[in-house]
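Peer 1: There's a structure below that I have some questions on.
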Amino acid sequence: MFVPDPVGMKLVESFAKPGGNATGLANFGRDIAGKRLQLLKQLVPGLSRVGFLINSSLPATSMYVHVMKDAAAQIGLMLNNFDARSLDEMEPAFDLMVKSGMQAAAIEQGGTAYQARAMIPKLALARRLPLMAYSKETFEYGALLSYGPDNVEMTRRSAVYTDKILKGAKPSDIPVEEPTKFEFLINLKTAKALGLDVPIYLQQLADEVIE
């Protein structure tokens, strides 16, 4: 579970027919990337340049960059990559975003961002960069927004897969599942600190609004 690109990572042959000895749940895709950037654009007036915090040493990074850049181009945003391969490189990466004229930031899904989940929102807020997180776990420390699959629900679904396999089903015959339940979260306190007004319609769309 929590695999962004099981086909590209050669874990399965296809979503519908995994074909080997693995199956499970994917947690990323073109639609998710596009929705994240659309929500950020709706909330930040005049947004045109977004810094994308990545870890270039992770195997799925090139896929994230490709999908996010395509999604950004479709809605008229320029996405620039900023590399941080360790916690020590986080602050310099955010400093470079500001120096490069970025107006907001998004973060790559993965272990490095999760490990730095308490640090990243503080670095972004200190530099007045609206931050789009990718899960409740990476949002709750002060990010402005988050949109992504419900990780708790995905964990529950993984138990269903485990049950099927323990009862004799072959992984090769169980389709890989894409997310069906998503969470859209907004932090009004962070918005106020950034001088941003959150439209009522976005608040109404959100699953949770922190005041």
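Ordering of the structure tokens sets the chain letters (A, B, ...), residue numbers begin anew at 1 in every chain, and ligands are numbered from 1 in the order given.
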Show me a table, sorted first by chain and then by increasing residue number, of the residues of region 69-118 of chain A having an atom at most 10 Å from region 16-31 of chain A, each with its shortest atom pair and the distance in Å to one decimal, counting only C-alpha atoms and written as a Markdown table.

Peer 2:
```
| residue | atom | partner | partner_atom | distance |
| --- | --- | --- | --- | --- |
| A:Asp70 | CA | A:Arg30 | CA | 8.4 |
| A:Ala71 | CA | A:Arg30 | CA | 6.9 |
| A:Gln109 | CA | A:Phe28 | CA | 8.7 |
```

Peer 1: What is the CA of Lys189 (chain A) to CA of Asp83 (chain A) distance in Å?

Peer 2: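 For CA of Lys189 (chain A) relative to CA of Asp83 (chain A), the distance reads 28.0 Å.
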
Peer 1: Of the candidates A:Val65, A:Ala206, A:Ile75, A:Leu185, which one gets nearest to Leu47 (chain A) if we count only C-alpha atoms?

Peer 2: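 Smallest distance to Leu47 (chain A) is found for A:Ile75.
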
Peer 1: From a backbone DSSP assignment, name each residue in chain A labelled helix (DSSP H, G or I), as a PyMOL selection string.

Peer 2: chain A and resi 30-43+61-74+87-99+111-115+120-126+136-139+151-166+171-173+188-193+200-205

Peer 1: With C-alpha atoms retained, could you export that selection as a PDB file, in the first residue's frame?

Peer 2:
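The new file out-v1.pdb reads:
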```pdb
ATOM      1  CA  ARG A  30      -2.694  12.487 -12.709  1.00  0.00           C
ATOM      2  CA  ASP A  31      -6.106  13.475 -11.352  1.00  0.00           C
ATOM      3  CA  ILE A  32      -4.761  13.831  -7.817  1.00  0.00           C
ATOM      4  CA  ALA A  33      -1.856  16.001  -8.976  1.00  0.00           C
ATOM      5  CA  GLY A  34      -4.175  18.228 -10.991  1.00  0.00           C
ATOM      6  CA  LYS A  35      -6.634  18.645  -8.132  1.00  0.00           C
ATOM      7  CA  ARG A  36      -3.887  19.665  -5.710  1.00  0.00           C
ATOM      8  CA  LEU A  37      -2.608  22.373  -8.003  1.00  0.00           C
ATOM      9  CA  GLN A  38      -6.098  23.584  -8.923  1.00  0.00           C
ATOM     10  CA  LEU A  39      -7.001  24.059  -5.261  1.00  0.00           C
ATOM     11  CA  LEU A  40      -3.758  25.926  -4.618  1.00  0.00           C
ATOM     12  CA  LYS A  41      -4.406  28.185  -7.595  1.00  0.00           C
ATOM     13  CA  GLN A  42      -7.961  28.888  -6.434  1.00  0.00           C
ATOM     14  CA  LEU A  43      -6.736  30.024  -3.038  1.00  0.00           C
ATOM     15  CA  THR A  61      10.667  11.079  -8.008  1.00  0.00           C
ATOM     16  CA  SER A  62      10.916  11.254 -11.795  1.00  0.00           C
ATOM     17  CA  MET A  63       7.334   9.998 -12.050  1.00  0.00           C
ATOM     18  CA  TYR A  64       6.086  12.604  -9.547  1.00  0.00           C
ATOM     19  CA  VAL A  65       7.908  15.389 -11.393  1.00  0.00           C
ATOM     20  CA  HIS A  66       6.545  14.313 -14.779  1.00  0.00           C
ATOM     21  CA  VAL A  67       2.932  14.046 -13.604  1.00  0.00           C
ATOM     22  CA  MET A  68       3.012  17.257 -11.556  1.00  0.00           C
ATOM     23  CA  LYS A  69       4.619  19.296 -14.350  1.00  0.00           C
ATOM     24  CA  ASP A  70       2.029  18.078 -16.852  1.00  0.00           C
ATOM     25  CA  ALA A  71      -0.778  18.923 -14.436  1.00  0.00           C
ATOM     26  CA  ALA A  72       0.706  22.364 -13.766  1.00  0.00           C
ATOM     27  CA  ALA A  73       1.054  23.168 -17.465  1.00  0.00           C
ATOM     28  CA  GLN A  74      -2.590  22.296 -18.088  1.00  0.00           C
ATOM     29  CA  LEU A  87      16.415  17.096   6.703  1.00  0.00           C
ATOM     30  CA  ASP A  88      19.503  19.316   6.619  1.00  0.00           C
ATOM     31  CA  GLU A  89      18.721  20.315   3.032  1.00  0.00           C
ATOM     32  CA  MET A  90      15.126  21.395   3.721  1.00  0.00           C
ATOM     33  CA  GLU A  91      15.806  24.950   4.873  1.00  0.00           C
ATOM     34  CA  PRO A  92      18.231  25.778   2.007  1.00  0.00           C
ATOM     35  CA  ALA A  93      15.639  24.423  -0.450  1.00  0.00           C
ATOM     36  CA  PHE A  94      12.969  26.778   0.885  1.00  0.00           C
ATOM     37  CA  ASP A  95      15.400  29.682   0.877  1.00  0.00           C
ATOM     38  CA  LEU A  96      16.083  28.955  -2.788  1.00  0.00           C
ATOM     39  CA  MET A  97      12.341  28.895  -3.526  1.00  0.00           C
ATOM     40  CA  VAL A  98      12.026  32.425  -2.191  1.00  0.00           C
ATOM     41  CA  LYS A  99      15.137  33.575  -4.054  1.00  0.00           C
ATOM     42  CA  GLY A 111       9.541   9.147   3.196  1.00  0.00           C
ATOM     43  CA  THR A 112      11.663  12.299   3.284  1.00  0.00           C
ATOM     44  CA  ALA A 113       8.695  14.681   3.289  1.00  0.00           C
ATOM     45  CA  TYR A 114       6.919  12.520   5.840  1.00  0.00           C
ATOM     46  CA  GLN A 115       9.991  12.483   8.062  1.00  0.00           C
ATOM     47  CA  ILE A 120       8.254  21.750   6.368  1.00  0.00           C
ATOM     48  CA  PRO A 121       5.096  23.772   7.216  1.00  0.00           C
ATOM     49  CA  LYS A 122       7.086  25.972   9.593  1.00  0.00           C
ATOM     50  CA  LEU A 123       9.769  26.631   6.967  1.00  0.00           C
ATOM     51  CA  ALA A 124       7.096  27.495   4.407  1.00  0.00           C
ATOM     52  CA  LEU A 125       5.128  29.782   6.724  1.00  0.00           C
ATOM     53  CA  ALA A 126       8.272  31.627   7.864  1.00  0.00           C
ATOM     54  CA  LYS A 136      -3.620  14.657   6.814  1.00  0.00           C
ATOM     55  CA  GLU A 137      -0.386  13.495   8.422  1.00  0.00           C
ATOM     56  CA  THR A 138       1.685  16.060   6.490  1.00  0.00           C
ATOM     57  CA  PHE A 139      -0.960  18.804   6.861  1.00  0.00           C
ATOM     58  CA  ASN A 151      -4.548   6.948   4.481  1.00  0.00           C
ATOM     59  CA  VAL A 152      -6.588   5.415   7.286  1.00  0.00           C
ATOM     60  CA  GLU A 153      -9.166   4.153   4.799  1.00  0.00           C
ATOM     61  CA  MET A 154      -6.379   2.815   2.597  1.00  0.00           C
ATOM     62  CA  THR A 155      -4.943   0.923   5.555  1.00  0.00           C
ATOM     63  CA  ARG A 156      -8.349  -0.624   6.196  1.00  0.00           C
ATOM     64  CA  ARG A 157      -8.616  -1.636   2.539  1.00  0.00           C
ATOM     65  CA  SER A 158      -5.214  -3.321   2.711  1.00  0.00           C
ATOM     66  CA  ALA A 159      -6.629  -5.650   5.353  1.00  0.00           C
ATOM     67  CA  VAL A 160      -9.279  -6.749   2.831  1.00  0.00           C
ATOM     68  CA  TYR A 161      -6.503  -7.658   0.375  1.00  0.00           C
ATOM     69  CA  THR A 162      -4.622  -9.555   3.066  1.00  0.00           C
ATOM     70  CA  ASP A 163      -7.758 -11.478   3.987  1.00  0.00           C
ATOM     71  CA  LYS A 164      -8.367 -12.523   0.379  1.00  0.00           C
ATOM     72  CA  ILE A 165      -4.798 -13.764  -0.066  1.00  0.00           C
ATOM     73  CA  LEU A 166      -4.794 -15.652   3.227  1.00  0.00           C
ATOM     74  CA  PRO A 171      -2.309 -11.711  -5.995  1.00  0.00           C
ATOM     75  CA  SER A 172      -2.005 -11.911  -9.794  1.00  0.00           C
ATOM     76  CA  ASP A 173      -5.812 -12.111 -10.019  1.00  0.00           C
ATOM     77  CA  LEU A 188      -7.700  29.033   8.282  1.00  0.00           C
ATOM     78  CA  LYS A 189      -5.162  30.016  10.918  1.00  0.00           C
ATOM     79  CA  THR A 190      -2.337  29.544   8.410  1.00  0.00           C
ATOM     80  CA  ALA A 191      -4.353  31.376   5.747  1.00  0.00           C
ATOM     81  CA  LYS A 192      -4.766  34.345   8.085  1.00  0.00           C
ATOM     82  CA  ALA A 193      -1.048  34.384   8.870  1.00  0.00           C
ATOM     83  CA  ILE A 200     -16.638  30.175   1.461  1.00  0.00           C
ATOM     84  CA  TYR A 201     -17.189  27.708  -1.375  1.00  0.00           C
ATOM     85  CA  LEU A 202     -13.775  26.134  -0.711  1.00  0.00           C
ATOM     86  CA  GLN A 203     -14.520  25.889   2.992  1.00  0.00           C
ATOM     87  CA  GLN A 204     -17.784  24.144   2.150  1.00  0.00           C
ATOM     88  CA  LEU A 205     -15.960  21.662  -0.084  1.00  0.00           C
TER      89      LEU A 205
END
```

Peer 1: From the options A:Ser86, A:Asn187, A:Asn55, A:Gln103, which residue's atoms come nearest to Arg128 (chain A), counting only C-alpha atoms?

Peer 2: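 For Arg128 (chain A), the nearest of the candidates is A:Gln103.
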
Peer 1: Which one is closest to Asn81 (chain A): A:Pro149, A:Gly51, A:Pro130, A:Pro6? Count only C-alpha atoms.

Peer 2: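 For Asn81 (chain A), the nearest of the candidates is A:Gly51.
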
Peer 1: Going by DSSP on the backbone, which residues of region 76-159 of chain A come out as strand (DSSP E or B)? List them as a ChimeraX atom specification.

Peer 2: /A:78-83,104-107,131-133,145-149

Peer 1: If we count only C-alpha atoms and set the cut-off at 9 Å, which residues sit around Glu183 (chain A), ignoring sequence neighbours fewer than 5 positions away in its own chain? Please answer as a ChimeraX atom specification.

Peer 2: /A:135-136,146-150,206-208

Peer 1: What gap, in Å, lies between CA of Leu194 (chain A) and CA of Leu145 (chain A)?

Peer 2: 12.4 Å
